[in-house]
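The structure under discussion appears below in the form of C-alpha cells.
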Amino acid sequence: MMSFKTLMKTPSTWYAAPGAGGDILIGMMARAVRNLKGHKFPGWSTDESRKAVADIILPVLRSLPGNKNGFEAEMSELSYEKRRILLERKQLSHSMAARQGGCHLLINKKQDTSFMVNEEEHLAIHFYMSEAEGNHTEKLLKRVHKTLSPIEKKLDIAYTRKDGYQTSLPAECGTGIQLYAVLQLQAMSTAGMMSQIERGLEKLMLNISPFYSELGDDAGFLYVIYTAPIPKDGEQELAEHLQSTVETLIERELQVRLKLASSDDGAVILPDKVGRAYGLLKYARRLEYTEFINALSMIRIGLIGGYIEHAYADPGATIAQIASVYPVAAPYHLQHICENPEANHAVLRTYLIRGLMEHLTFTPESDTFDDIEHE
C-alpha cells in the first residue's frame, strides 16, 4: 500500500494536468454514495455498527484494481495535520475529516478517486477528472458507473424501484450521484458579475460556491458549479444540463475578457493585474496563501492571454507546473514538509515559485485576445 509520505510526493493528477483550455475549466468531479441494507446510517451508528459496515465494504474496495497500490487509513490513525493536508488536496470531505474509529479512507494509486467508508453514508466516492481528460460529463459518468458496477455486484445495496438508491436524507434518494465543475472565472469576478451569475444558476437549478471557501469568496477566482443529488431517471438530463451550462460560462468568461481588453480603460486592466501578480511572485519575499493563489491565477491567465511568456516551455506545460504548486503551498502542506517547525511559511512559499518565475517574461503588449476576437 502507498504510504502517506509517498502520497505527499505525488500531486493529484487533476490538479497538475490541465488541457489547452485549462485556464477556465480546471476539471470536473462527481460524488457517488451507496448504503447497505439493514445497517444504521453513520449519523446514528455506534462503534460496533461502523466496524460491521467497514468489515463488509473494505474487502470489496481493496479488490478494485486501482486500489491495490493506493493509500488506506482508518480516520483514527490520521493526525489533525494529515487530515488538513488531505482537505487541502481536496481528497477528503469535511464531514469525513471529523470522523474517528470505524471510518476508513482509501485513495487509489492515480489519486483521482477517494473512497470514504462511514462518512455521511456507508460509502461515499469522490471522482476527479482534469480538463485534459475531456470536459464531458458523459465521460465522467462512465468512470463513476465503471467503478460502482463491481461494488454493487458484491454488496447488498439499499435500493427501491420507487425511490432509487437510499440515502441518509430521504430527499436525496435517487441515483446517489452529484456532478461538479471547477472553473476559474477571473474576468467575471473582476467585473463584479458573480452575484449575477449565482442568481442565474439558481434559476437553472444549479449551485455555485467558492472552491476555497475557507479562504474567501473569490480566492484564486476558483468556483464550483454543481447539481443537487440527481433524482432517479434524471441522470442523463442533468449531466447534459451541467455540461451545457459550463460551456456557456466558458464562452461568457472569454467574452468578458475581450470586453475588458477592448474598453476605454479596460485595455490596461488585465495586463495591469497580470503585471502586478508577476511582480509580486517574482520579487516578494513573503506571501500569505490567499494572495499567493490569487497571483498564481493571474499568471495562468497571463500565459493563456500572451501577457507572459516562458523562455523554454509552452503555456500548457507551464500551467501544469503552476497547477501542481497550489496544494503544496497550502499552510498544512508547508508545515508538514518543512524540517524546521519554526520556519516562516509566508517566506517559504515564495521559494516554491521563484525558480519558475526566473524563466517567465512579462509582455504587456499582447494581441492574443484580439486574435480570438477576430476569429
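Every chain in the C-alpha cells has a letter given in the order shown (A, B, ...), and although residue numbers restart at 1 in each chain, ligands are simply numbered from 1 in the order shown.
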Could you list, with a cut-off of 10 Å and counting only C-alpha atoms, the residues of region 148-193 of chain A near region 269-290 of chain A, each shown with its nearest atom pair and the distance in Å rounded to one decimal, rows sorted by chain and ascending number, as a tab-separated table?
```
residue	atom	partner	partner_atom	distance
A:Gln186	CA	A:Leu270	CA	9.5
A:Ala187	CA	A:Leu270	CA	8.4
A:Thr190	CA	A:Ile269	CA	9.3
```
Output of the above residues as a CSV table (one decimal), in the first residue's frame, restricted to C-alpha atoms:
```csv
chain,number,residue,atom,x,y,z
A,186,GLN,CA,-11.1,35.8,-13.3
A,187,ALA,CA,-12.7,38.2,-15.7
A,190,THR,CA,-13.0,41.2,-11.7
```
Which of A:Ile301, A:Ile322, A:Met29, A:Ile125 sits closest to Gly355 (chain A) [using only C-alpha atoms]: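 With only C-alpha atoms as the atom set, the closest residue is A:Ile322.
Near Glu235 (chain A), within 10 Å and counting only C-alpha atoms, sit Glu138, Leu141, Gly174, Thr175, Gly176, Ile177, Gln178, Leu179, Pro229, Ile230, Pro231, Ala239, Glu240 and His241 of chain A, not including residues fewer than 4 positions from it in the same chain.
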Convert the current residue selection to file output with C-alpha atoms, as a compact mmCIF listing (two decimals), in the first residue's frame.
```txt
# COMPACT_ATOMS: atom_id res chain seq x y z
CA GLU A 138 -20.61 11.73 -20.07
CA LEU A 141 -20.30 9.33 -15.52
CA GLY A 174 -32.26 8.68 -6.44
CA THR A 175 -29.08 7.96 -8.35
CA GLY A 176 -26.91 8.85 -5.35
CA ILE A 177 -24.74 10.93 -7.69
CA GLN A 178 -23.81 14.62 -7.82
CA LEU A 179 -21.74 16.32 -10.51
CA PRO A 229 -28.24 14.99 -5.84
CA ILE A 230 -29.57 13.61 -9.11
CA PRO A 231 -33.06 12.05 -8.87
CA ALA A 239 -25.46 15.77 -16.89
CA GLU A 240 -26.21 17.41 -20.23
CA HIS A 241 -27.62 20.45 -18.39
```
Test item, strand (DSSP E or B) assignment across region 40-248 of chain A, answer as a PDB file with N, CA, C and O atoms, in the first residue's frame:
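Dumped everything to states_3.pdb:
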```pdb
ATOM      1  N   PHE A  71      -3.557   4.327  -1.214  1.00  0.00           N
ATOM      2  CA  PHE A  71      -3.396   4.732   0.187  1.00  0.00           C
ATOM      3  C   PHE A  71      -4.634   4.308   0.969  1.00  0.00           C
ATOM      4  O   PHE A  71      -5.758   4.431   0.488  1.00  0.00           O
ATOM      5  N   GLU A  72      -4.426   3.820   2.194  1.00  0.00           N
ATOM      6  CA  GLU A  72      -5.549   3.445   3.052  1.00  0.00           C
ATOM      7  C   GLU A  72      -5.233   3.791   4.495  1.00  0.00           C
ATOM      8  O   GLU A  72      -4.097   3.606   4.958  1.00  0.00           O
ATOM      9  N   ALA A  73      -6.232   4.299   5.213  1.00  0.00           N
ATOM     10  CA  ALA A  73      -6.055   4.601   6.636  1.00  0.00           C
ATOM     11  C   ALA A  73      -7.416   4.660   7.322  1.00  0.00           C
ATOM     12  O   ALA A  73      -8.415   5.063   6.713  1.00  0.00           O
ATOM     13  N   GLU A  74      -7.443   4.228   8.579  1.00  0.00           N
ATOM     14  CA  GLU A  74      -8.613   4.484   9.413  1.00  0.00           C
ATOM     15  C   GLU A  74      -8.479   5.918   9.928  1.00  0.00           C
ATOM     16  O   GLU A  74      -7.380   6.375  10.227  1.00  0.00           O
ATOM     17  N   HIS A 104     -13.040   4.782   7.344  1.00  0.00           N
ATOM     18  CA  HIS A 104     -11.824   4.498   6.594  1.00  0.00           C
ATOM     19  C   HIS A 104     -11.769   5.317   5.314  1.00  0.00           C
ATOM     20  O   HIS A 104     -12.790   5.565   4.666  1.00  0.00           O
ATOM     21  N   LEU A 105     -10.536   5.686   4.935  1.00  0.00           N
ATOM     22  CA  LEU A 105     -10.283   6.412   3.695  1.00  0.00           C
ATOM     23  C   LEU A 105      -9.366   5.594   2.810  1.00  0.00           C
ATOM     24  O   LEU A 105      -8.337   5.094   3.270  1.00  0.00           O
ATOM     25  N   LEU A 106      -9.742   5.432   1.541  1.00  0.00           N
ATOM     26  CA  LEU A 106      -8.876   4.806   0.545  1.00  0.00           C
ATOM     27  C   LEU A 106      -8.736   5.770  -0.632  1.00  0.00           C
ATOM     28  O   LEU A 106      -9.730   6.366  -1.071  1.00  0.00           O
ATOM     29  N   ILE A 107      -7.531   5.929  -1.125  1.00  0.00           N
ATOM     30  CA  ILE A 107      -7.265   6.758  -2.305  1.00  0.00           C
ATOM     31  C   ILE A 107      -6.526   5.887  -3.306  1.00  0.00           C
ATOM     32  O   ILE A 107      -5.530   5.248  -2.956  1.00  0.00           O
ATOM     33  N   THR A 113      -9.466   9.152  -7.385  1.00  0.00           N
ATOM     34  CA  THR A 113     -10.670   8.630  -6.749  1.00  0.00           C
ATOM     35  C   THR A 113     -10.419   8.433  -5.256  1.00  0.00           C
ATOM     36  O   THR A 113      -9.424   7.832  -4.876  1.00  0.00           O
ATOM     37  N   SER A 114     -11.329   8.963  -4.435  1.00  0.00           N
ATOM     38  CA  SER A 114     -11.261   8.786  -2.982  1.00  0.00           C
ATOM     39  C   SER A 114     -12.482   8.000  -2.523  1.00  0.00           C
ATOM     40  O   SER A 114     -13.618   8.333  -2.896  1.00  0.00           O
ATOM     41  N   PHE A 115     -12.252   6.963  -1.720  1.00  0.00           N
ATOM     42  CA  PHE A 115     -13.321   6.141  -1.175  1.00  0.00           C
ATOM     43  C   PHE A 115     -13.411   6.394   0.331  1.00  0.00           C
ATOM     44  O   PHE A 115     -12.408   6.222   1.037  1.00  0.00           O
ATOM     45  N   MET A 116     -14.592   6.782   0.806  1.00  0.00           N
ATOM     46  CA  MET A 116     -14.772   7.063   2.228  1.00  0.00           C
ATOM     47  C   MET A 116     -15.840   6.143   2.798  1.00  0.00           C
ATOM     48  O   MET A 116     -16.993   6.160   2.351  1.00  0.00           O
ATOM     49  N   VAL A 117     -15.443   5.329   3.765  1.00  0.00           N
ATOM     50  CA  VAL A 117     -16.354   4.369   4.398  1.00  0.00           C
ATOM     51  C   VAL A 117     -16.830   4.940   5.719  1.00  0.00           C
ATOM     52  O   VAL A 117     -16.034   5.349   6.566  1.00  0.00           O
ATOM     53  N   LEU A 123     -20.890   4.437   2.162  1.00  0.00           N
ATOM     54  CA  LEU A 123     -19.806   4.567   1.196  1.00  0.00           C
ATOM     55  C   LEU A 123     -20.013   5.834   0.375  1.00  0.00           C
ATOM     56  O   LEU A 123     -21.067   6.029  -0.237  1.00  0.00           O
ATOM     57  N   ALA A 124     -19.030   6.705   0.389  1.00  0.00           N
ATOM     58  CA  ALA A 124     -19.033   7.904  -0.453  1.00  0.00           C
ATOM     59  C   ALA A 124     -17.765   7.872  -1.300  1.00  0.00           C
ATOM     60  O   ALA A 124     -16.667   7.656  -0.775  1.00  0.00           O
ATOM     61  N   ILE A 125     -17.922   8.064  -2.595  1.00  0.00           N
ATOM     62  CA  ILE A 125     -16.781   8.025  -3.517  1.00  0.00           C
ATOM     63  C   ILE A 125     -16.704   9.355  -4.249  1.00  0.00           C
ATOM     64  O   ILE A 125     -17.702   9.826  -4.806  1.00  0.00           O
ATOM     65  N   HIS A 126     -15.526   9.955  -4.240  1.00  0.00           N
ATOM     66  CA  HIS A 126     -15.297  11.187  -4.983  1.00  0.00           C
ATOM     67  C   HIS A 126     -14.392  10.905  -6.175  1.00  0.00           C
ATOM     68  O   HIS A 126     -13.317  10.317  -6.016  1.00  0.00           O
ATOM     69  N   PHE A 127     -14.827  11.322  -7.336  1.00  0.00           N
ATOM     70  CA  PHE A 127     -14.086  11.133  -8.580  1.00  0.00           C
ATOM     71  C   PHE A 127     -13.604  12.494  -9.079  1.00  0.00           C
ATOM     72  O   PHE A 127     -14.342  13.482  -9.018  1.00  0.00           O
ATOM     73  N   TYR A 128     -12.373  12.539  -9.588  1.00  0.00           N
ATOM     74  CA  TYR A 128     -11.802  13.788 -10.086  1.00  0.00           C
ATOM     75  C   TYR A 128     -11.324  13.565 -11.522  1.00  0.00           C
ATOM     76  O   TYR A 128     -10.698  12.551 -11.821  1.00  0.00           O
ATOM     77  N   MET A 129     -11.590  14.530 -12.379  1.00  0.00           N
ATOM     78  CA  MET A 129     -11.172  14.421 -13.771  1.00  0.00           C
ATOM     79  C   MET A 129     -10.646  15.775 -14.235  1.00  0.00           C
ATOM     80  O   MET A 129     -11.347  16.781 -14.146  1.00  0.00           O
ATOM     81  N   SER A 130      -9.398  15.804 -14.699  1.00  0.00           N
ATOM     82  CA  SER A 130      -8.809  17.056 -15.146  1.00  0.00           C
ATOM     83  C   SER A 130      -9.398  17.472 -16.480  1.00  0.00           C
ATOM     84  O   SER A 130      -9.949  16.656 -17.224  1.00  0.00           O
ATOM     85  N   ILE A 157     -26.869  -3.584  -1.609  1.00  0.00           N
ATOM     86  CA  ILE A 157     -27.084  -2.146  -1.575  1.00  0.00           C
ATOM     87  C   ILE A 157     -28.565  -1.820  -1.341  1.00  0.00           C
ATOM     88  O   ILE A 157     -29.464  -2.479  -1.896  1.00  0.00           O
ATOM     89  N   TYR A 159     -31.774  -0.201  -2.094  1.00  0.00           N
ATOM     90  CA  TYR A 159     -32.332   0.362  -3.319  1.00  0.00           C
ATOM     91  C   TYR A 159     -33.800  -0.038  -3.427  1.00  0.00           C
ATOM     92  O   TYR A 159     -34.183  -1.161  -3.084  1.00  0.00           O
ATOM     93  N   THR A 160     -34.647   0.899  -3.864  1.00  0.00           N
ATOM     94  CA  THR A 160     -36.046   0.578  -4.142  1.00  0.00           C
ATOM     95  C   THR A 160     -36.397   1.067  -5.540  1.00  0.00           C
ATOM     96  O   THR A 160     -35.833   2.055  -6.030  1.00  0.00           O
ATOM     97  N   GLY A 164     -35.161   4.729  -5.823  1.00  0.00           N
ATOM     98  CA  GLY A 164     -33.780   4.590  -6.248  1.00  0.00           C
ATOM     99  C   GLY A 164     -32.871   4.217  -5.085  1.00  0.00           C
ATOM    100  O   GLY A 164     -33.290   3.525  -4.145  1.00  0.00           O
ATOM    101  N   TYR A 165     -31.630   4.680  -5.108  1.00  0.00           N
ATOM    102  CA  TYR A 165     -30.669   4.363  -4.046  1.00  0.00           C
ATOM    103  C   TYR A 165     -31.002   5.155  -2.788  1.00  0.00           C
ATOM    104  O   TYR A 165     -31.229   6.359  -2.840  1.00  0.00           O
ATOM    105  N   GLY A 174     -32.224   8.629  -4.981  1.00  0.00           N
ATOM    106  CA  GLY A 174     -32.259   8.683  -6.442  1.00  0.00           C
ATOM    107  C   GLY A 174     -31.080   7.933  -7.011  1.00  0.00           C
ATOM    108  O   GLY A 174     -30.881   6.748  -6.712  1.00  0.00           O
ATOM    109  N   ILE A 177     -25.864  10.311  -6.995  1.00  0.00           N
ATOM    110  CA  ILE A 177     -24.735  10.931  -7.692  1.00  0.00           C
ATOM    111  C   ILE A 177     -24.929  12.445  -7.769  1.00  0.00           C
ATOM    112  O   ILE A 177     -26.041  12.929  -7.997  1.00  0.00           O
ATOM    113  N   GLN A 178     -23.864  13.181  -7.567  1.00  0.00           N
ATOM    114  CA  GLN A 178     -23.811  14.624  -7.817  1.00  0.00           C
ATOM    115  C   GLN A 178     -22.642  14.916  -8.740  1.00  0.00           C
ATOM    116  O   GLN A 178     -21.603  14.247  -8.672  1.00  0.00           O
ATOM    117  N   LEU A 179     -22.794  15.937  -9.580  1.00  0.00           N
ATOM    118  CA  LEU A 179     -21.743  16.325 -10.514  1.00  0.00           C
ATOM    119  C   LEU A 179     -21.272  17.748 -10.227  1.00  0.00           C
ATOM    120  O   LEU A 179     -22.077  18.617  -9.868  1.00  0.00           O
ATOM    121  N   TYR A 180     -19.976  17.985 -10.415  1.00  0.00           N
ATOM    122  CA  TYR A 180     -19.367  19.274 -10.111  1.00  0.00           C
ATOM    123  C   TYR A 180     -18.415  19.668 -11.241  1.00  0.00           C
ATOM    124  O   TYR A 180     -17.781  18.818 -11.862  1.00  0.00           O
ATOM    125  N   ALA A 181     -18.310  20.968 -11.479  1.00  0.00           N
ATOM    126  CA  ALA A 181     -17.311  21.502 -12.405  1.00  0.00           C
ATOM    127  C   ALA A 181     -16.565  22.623 -11.699  1.00  0.00           C
ATOM    128  O   ALA A 181     -17.182  23.463 -11.048  1.00  0.00           O
ATOM    129  N   VAL A 182     -15.236  22.615 -11.821  1.00  0.00           N
ATOM    130  CA  VAL A 182     -14.403  23.650 -11.205  1.00  0.00           C
ATOM    131  C   VAL A 182     -13.932  24.598 -12.298  1.00  0.00           C
ATOM    132  O   VAL A 182     -13.276  24.179 -13.253  1.00  0.00           O
ATOM    133  N   LEU A 183     -14.270  25.877 -12.157  1.00  0.00           N
ATOM    134  CA  LEU A 183     -13.919  26.871 -13.160  1.00  0.00           C
ATOM    135  C   LEU A 183     -13.160  28.035 -12.534  1.00  0.00           C
ATOM    136  O   LEU A 183     -13.409  28.395 -11.380  1.00  0.00           O
ATOM    137  N   GLN A 184     -12.270  28.607 -13.328  1.00  0.00           N
ATOM    138  CA  GLN A 184     -11.515  29.791 -12.902  1.00  0.00           C
ATOM    139  C   GLN A 184     -12.059  30.984 -13.690  1.00  0.00           C
ATOM    140  O   GLN A 184     -11.878  31.078 -14.905  1.00  0.00           O
ATOM    141  N   ASN A 207     -26.028  25.131  -8.473  1.00  0.00           N
ATOM    142  CA  ASN A 207     -25.453  25.868  -7.352  1.00  0.00           C
ATOM    143  C   ASN A 207     -24.021  26.276  -7.668  1.00  0.00           C
ATOM    144  O   ASN A 207     -23.340  25.646  -8.480  1.00  0.00           O
ATOM    145  N   ILE A 208     -23.554  27.319  -6.978  1.00  0.00           N
ATOM    146  CA  ILE A 208     -22.170  27.763  -7.115  1.00  0.00           C
ATOM    147  C   ILE A 208     -21.615  28.081  -5.741  1.00  0.00           C
ATOM    148  O   ILE A 208     -22.320  28.613  -4.876  1.00  0.00           O
ATOM    149  N   SER A 209     -20.356  27.718  -5.524  1.00  0.00           N
ATOM    150  CA  SER A 209     -19.691  28.041  -4.260  1.00  0.00           C
ATOM    151  C   SER A 209     -18.204  28.243  -4.537  1.00  0.00           C
ATOM    152  O   SER A 209     -17.674  27.734  -5.533  1.00  0.00           O
ATOM    153  N   PRO A 210     -17.499  28.981  -3.667  1.00  0.00           N
ATOM    154  CA  PRO A 210     -16.052  29.156  -3.850  1.00  0.00           C
ATOM    155  C   PRO A 210     -15.336  27.818  -3.691  1.00  0.00           C
ATOM    156  O   PRO A 210     -15.692  27.011  -2.832  1.00  0.00           O
ATOM    157  N   LEU A 222     -11.517  30.804  -8.213  1.00  0.00           N
ATOM    158  CA  LEU A 222     -11.972  29.438  -8.488  1.00  0.00           C
ATOM    159  C   LEU A 222     -13.355  29.205  -7.895  1.00  0.00           C
ATOM    160  O   LEU A 222     -13.596  29.512  -6.726  1.00  0.00           O
ATOM    161  N   TYR A 223     -14.245  28.618  -8.705  1.00  0.00           N
ATOM    162  CA  TYR A 223     -15.617  28.376  -8.272  1.00  0.00           C
ATOM    163  C   TYR A 223     -16.042  26.965  -8.669  1.00  0.00           C
ATOM    164  O   TYR A 223     -15.561  26.415  -9.659  1.00  0.00           O
ATOM    165  N   VAL A 224     -16.957  26.408  -7.869  1.00  0.00           N
ATOM    166  CA  VAL A 224     -17.505  25.083  -8.142  1.00  0.00           C
ATOM    167  C   VAL A 224     -18.969  25.239  -8.541  1.00  0.00           C
ATOM    168  O   VAL A 224     -19.762  25.823  -7.794  1.00  0.00           O
ATOM    169  N   ILE A 225     -19.323  24.755  -9.715  1.00  0.00           N
ATOM    170  CA  ILE A 225     -20.711  24.714 -10.182  1.00  0.00           C
ATOM    171  C   ILE A 225     -21.187  23.273 -10.011  1.00  0.00           C
ATOM    172  O   ILE A 225     -20.509  22.340 -10.455  1.00  0.00           O
ATOM    173  N   TYR A 226     -22.324  23.063  -9.359  1.00  0.00           N
ATOM    174  CA  TYR A 226     -22.718  21.686  -9.085  1.00  0.00           C
ATOM    175  C   TYR A 226     -24.222  21.483  -9.092  1.00  0.00           C
ATOM    176  O   TYR A 226     -25.003  22.418  -8.905  1.00  0.00           O
TER     177      TYR A 226
END
```
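The spacing separating CA of Ile353 (chain A) from CA of Leu258 (chain A) amounts to 28.6 Å.
Using only C-alpha atoms, the contacts of Asn69 (chain A) at a cut-off of 10 Å, with sequence neighbours closer than 6 positions omitted, comprise Met1, Met2, Ser3, Arg62, Ile107, Asn108, Lys109 and Lys110 of chain A.
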Give me the residues near region 45-52 of chain A as a list in words, where near means some atom within 7 Å (using only C-alpha atoms) and where sequence neighbours in that chain fewer than 3 positions away do not count. Lys40, Phe41, Pro42, Asp55, Ile56, Gly101, Gly102 and Asn118 of chain A
Using only C-alpha atoms for the distances, tell me which of A:Glu119, A:Glu309, A:Glu172, A:Glu198 is nearest to Trp44 (chain A).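 Closest candidate: A:Glu119.
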Which of region 3-179 of chain A counts as alpha helix (DSSP H) under DSSP, as a PyMOL selection string please? chain A and resi 4-9+13-16+47-62+80-88+94-97+137-154
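Between Ile197 (chain A) and the residues A:Gln166, A:Thr245, A:Thr350, A:Gln236, the shortest atom-to-atom distance, using only C-alpha atoms, involves A:Thr245.
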Write out as number ranges by chain which residues come within 10 Å of Ala219 (chain A) when counting only C-alpha atoms, dropping same-chain ones fewer than 2 positions away. A: 210-217, 221-223, 289-295, 297
Please, could you write that set of residues out with all heavy atoms as a short mmCIF file (atom, residue, chain, number, x, y, z; two decimals), in the first residue's frame?
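Result file follows (out36.cif):
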```
data_model
loop_
_atom_site.label_atom_id
_atom_site.label_comp_id
_atom_site.auth_asym_id
_atom_site.auth_seq_id
_atom_site.Cartn_x
_atom_site.Cartn_y
_atom_site.Cartn_z
N PRO A 210 -17.50 28.98 -3.67
CA PRO A 210 -16.05 29.16 -3.85
C PRO A 210 -15.34 27.82 -3.69
O PRO A 210 -15.69 27.01 -2.83
CB PRO A 210 -15.66 30.13 -2.74
CG PRO A 210 -16.93 30.76 -2.29
CD PRO A 210 -17.99 29.74 -2.50
N PHE A 211 -14.35 27.56 -4.52
CA PHE A 211 -13.56 26.34 -4.41
C PHE A 211 -12.77 26.34 -3.11
O PHE A 211 -12.65 25.32 -2.43
CB PHE A 211 -12.61 26.25 -5.61
CG PHE A 211 -11.81 24.98 -5.69
CD1 PHE A 211 -12.43 23.78 -5.97
CD2 PHE A 211 -10.44 24.98 -5.49
CE1 PHE A 211 -11.71 22.60 -6.07
CE2 PHE A 211 -9.70 23.81 -5.58
CZ PHE A 211 -10.34 22.61 -5.87
N TYR A 212 -12.22 27.50 -2.75
CA TYR A 212 -11.51 27.67 -1.48
C TYR A 212 -12.41 28.43 -0.51
O TYR A 212 -12.13 29.58 -0.15
CB TYR A 212 -10.20 28.43 -1.69
CG TYR A 212 -9.15 27.69 -2.48
CD1 TYR A 212 -8.83 28.09 -3.78
CD2 TYR A 212 -8.47 26.61 -1.94
CE1 TYR A 212 -7.86 27.42 -4.52
CE2 TYR A 212 -7.51 25.93 -2.68
CZ TYR A 212 -7.20 26.34 -3.95
OH TYR A 212 -6.25 25.68 -4.67
N SER A 213 -13.49 27.82 -0.10
CA SER A 213 -14.49 28.51 0.72
C SER A 213 -13.91 29.01 2.04
O SER A 213 -14.36 30.01 2.59
CB SER A 213 -15.67 27.57 1.00
OG SER A 213 -15.23 26.36 1.60
N GLU A 214 -12.88 28.32 2.54
CA GLU A 214 -12.29 28.72 3.82
C GLU A 214 -11.41 29.96 3.70
O GLU A 214 -11.05 30.57 4.70
CB GLU A 214 -11.47 27.56 4.41
CG GLU A 214 -10.22 27.19 3.64
CD GLU A 214 -10.46 26.25 2.48
OE1 GLU A 214 -11.63 26.09 2.08
OE2 GLU A 214 -9.47 25.69 1.97
N LEU A 215 -11.07 30.36 2.46
CA LEU A 215 -10.17 31.49 2.25
C LEU A 215 -10.89 32.75 1.80
O LEU A 215 -10.32 33.84 1.84
CB LEU A 215 -9.11 31.14 1.18
CG LEU A 215 -8.19 29.96 1.50
CD1 LEU A 215 -7.24 29.72 0.34
CD2 LEU A 215 -7.41 30.21 2.78
N GLY A 216 -12.13 32.65 1.37
CA GLY A 216 -12.85 33.82 0.90
C GLY A 216 -13.60 33.51 -0.38
O GLY A 216 -13.33 32.53 -1.07
N ASP A 217 -14.55 34.38 -0.72
CA ASP A 217 -15.45 34.11 -1.83
C ASP A 217 -14.75 34.03 -3.19
O ASP A 217 -15.22 33.34 -4.08
CB ASP A 217 -16.55 35.17 -1.88
CG ASP A 217 -17.55 35.00 -0.74
OD1 ASP A 217 -17.54 33.93 -0.10
OD2 ASP A 217 -18.33 35.94 -0.50
N PHE A 221 -9.98 32.98 -7.70
CA PHE A 221 -11.02 33.12 -8.73
C PHE A 221 -11.58 31.76 -9.14
O PHE A 221 -12.07 31.58 -10.25
CB PHE A 221 -10.48 33.85 -9.97
CG PHE A 221 -9.79 35.15 -9.64
CD1 PHE A 221 -8.40 35.23 -9.69
CD2 PHE A 221 -10.51 36.27 -9.28
CE1 PHE A 221 -7.75 36.42 -9.38
CE2 PHE A 221 -9.87 37.46 -8.97
CZ PHE A 221 -8.49 37.54 -9.02
N LEU A 222 -11.52 30.80 -8.21
CA LEU A 222 -11.97 29.44 -8.49
C LEU A 222 -13.36 29.21 -7.89
O LEU A 222 -13.60 29.51 -6.73
CB LEU A 222 -10.99 28.42 -7.92
CG LEU A 222 -9.69 28.23 -8.71
CD1 LEU A 222 -8.65 27.53 -7.85
CD2 LEU A 222 -9.95 27.43 -9.97
N TYR A 223 -14.25 28.62 -8.70
CA TYR A 223 -15.62 28.38 -8.27
C TYR A 223 -16.04 26.96 -8.67
O TYR A 223 -15.56 26.41 -9.66
CB TYR A 223 -16.57 29.39 -8.92
CG TYR A 223 -16.26 30.82 -8.54
CD1 TYR A 223 -15.37 31.57 -9.31
CD2 TYR A 223 -16.84 31.40 -7.43
CE1 TYR A 223 -15.07 32.89 -8.96
CE2 TYR A 223 -16.55 32.72 -7.08
CZ TYR A 223 -15.66 33.45 -7.85
OH TYR A 223 -15.35 34.74 -7.50
N TYR A 289 -1.13 32.69 1.90
CA TYR A 289 -1.63 31.72 0.92
C TYR A 289 -2.67 32.33 -0.02
O TYR A 289 -2.64 32.08 -1.23
CB TYR A 289 -2.22 30.51 1.64
CG TYR A 289 -2.59 29.38 0.70
CD1 TYR A 289 -1.70 28.92 -0.26
CD2 TYR A 289 -3.85 28.78 0.77
CE1 TYR A 289 -2.03 27.88 -1.12
CE2 TYR A 289 -4.19 27.74 -0.08
CZ TYR A 289 -3.28 27.30 -1.04
OH TYR A 289 -3.61 26.28 -1.89
N THR A 290 -3.58 33.15 0.51
CA THR A 290 -4.62 33.72 -0.34
C THR A 290 -4.03 34.61 -1.43
O THR A 290 -4.39 34.49 -2.60
CB THR A 290 -5.63 34.52 0.50
OG1 THR A 290 -6.22 33.65 1.49
CG2 THR A 290 -6.74 35.07 -0.38
N GLU A 291 -3.11 35.50 -1.07
CA GLU A 291 -2.52 36.37 -2.09
C GLU A 291 -1.64 35.56 -3.06
O GLU A 291 -1.52 35.89 -4.23
CB GLU A 291 -1.72 37.51 -1.47
CG GLU A 291 -0.53 37.11 -0.63
CD GLU A 291 0.22 38.32 -0.08
OE1 GLU A 291 0.08 39.43 -0.63
OE2 GLU A 291 0.96 38.15 0.92
N PHE A 292 -1.08 34.47 -2.56
CA PHE A 292 -0.25 33.61 -3.40
C PHE A 292 -1.08 32.95 -4.50
O PHE A 292 -0.73 33.01 -5.68
CB PHE A 292 0.41 32.54 -2.52
CG PHE A 292 1.35 31.62 -3.25
CD1 PHE A 292 2.62 32.01 -3.60
CD2 PHE A 292 0.95 30.32 -3.57
CE1 PHE A 292 3.49 31.16 -4.27
CE2 PHE A 292 1.81 29.46 -4.24
CZ PHE A 292 3.08 29.88 -4.58
N ILE A 293 -2.22 32.34 -4.14
CA ILE A 293 -3.03 31.66 -5.16
C ILE A 293 -3.74 32.66 -6.06
O ILE A 293 -3.98 32.38 -7.24
CB ILE A 293 -4.04 30.66 -4.54
CG1 ILE A 293 -5.03 31.35 -3.62
CG2 ILE A 293 -3.32 29.55 -3.82
CD1 ILE A 293 -6.14 30.42 -3.14
N ASN A 294 -4.07 33.85 -5.54
CA ASN A 294 -4.65 34.88 -6.40
C ASN A 294 -3.65 35.30 -7.47
O ASN A 294 -4.00 35.47 -8.65
CB ASN A 294 -5.08 36.09 -5.58
CG ASN A 294 -6.37 35.84 -4.80
OD1 ASN A 294 -7.12 34.92 -5.11
ND2 ASN A 294 -6.63 36.66 -3.81
N ALA A 295 -2.40 35.47 -7.07
CA ALA A 295 -1.35 35.86 -8.02
C ALA A 295 -1.09 34.73 -9.02
O ALA A 295 -0.95 34.98 -10.23
CB ALA A 295 -0.07 36.21 -7.28
N SER A 297 -3.20 32.59 -10.08
CA SER A 297 -4.32 32.56 -11.01
C SER A 297 -4.16 33.60 -12.10
O SER A 297 -4.50 33.35 -13.27
CB SER A 297 -5.64 32.79 -10.25
OG SER A 297 -5.87 31.75 -9.32
#
```
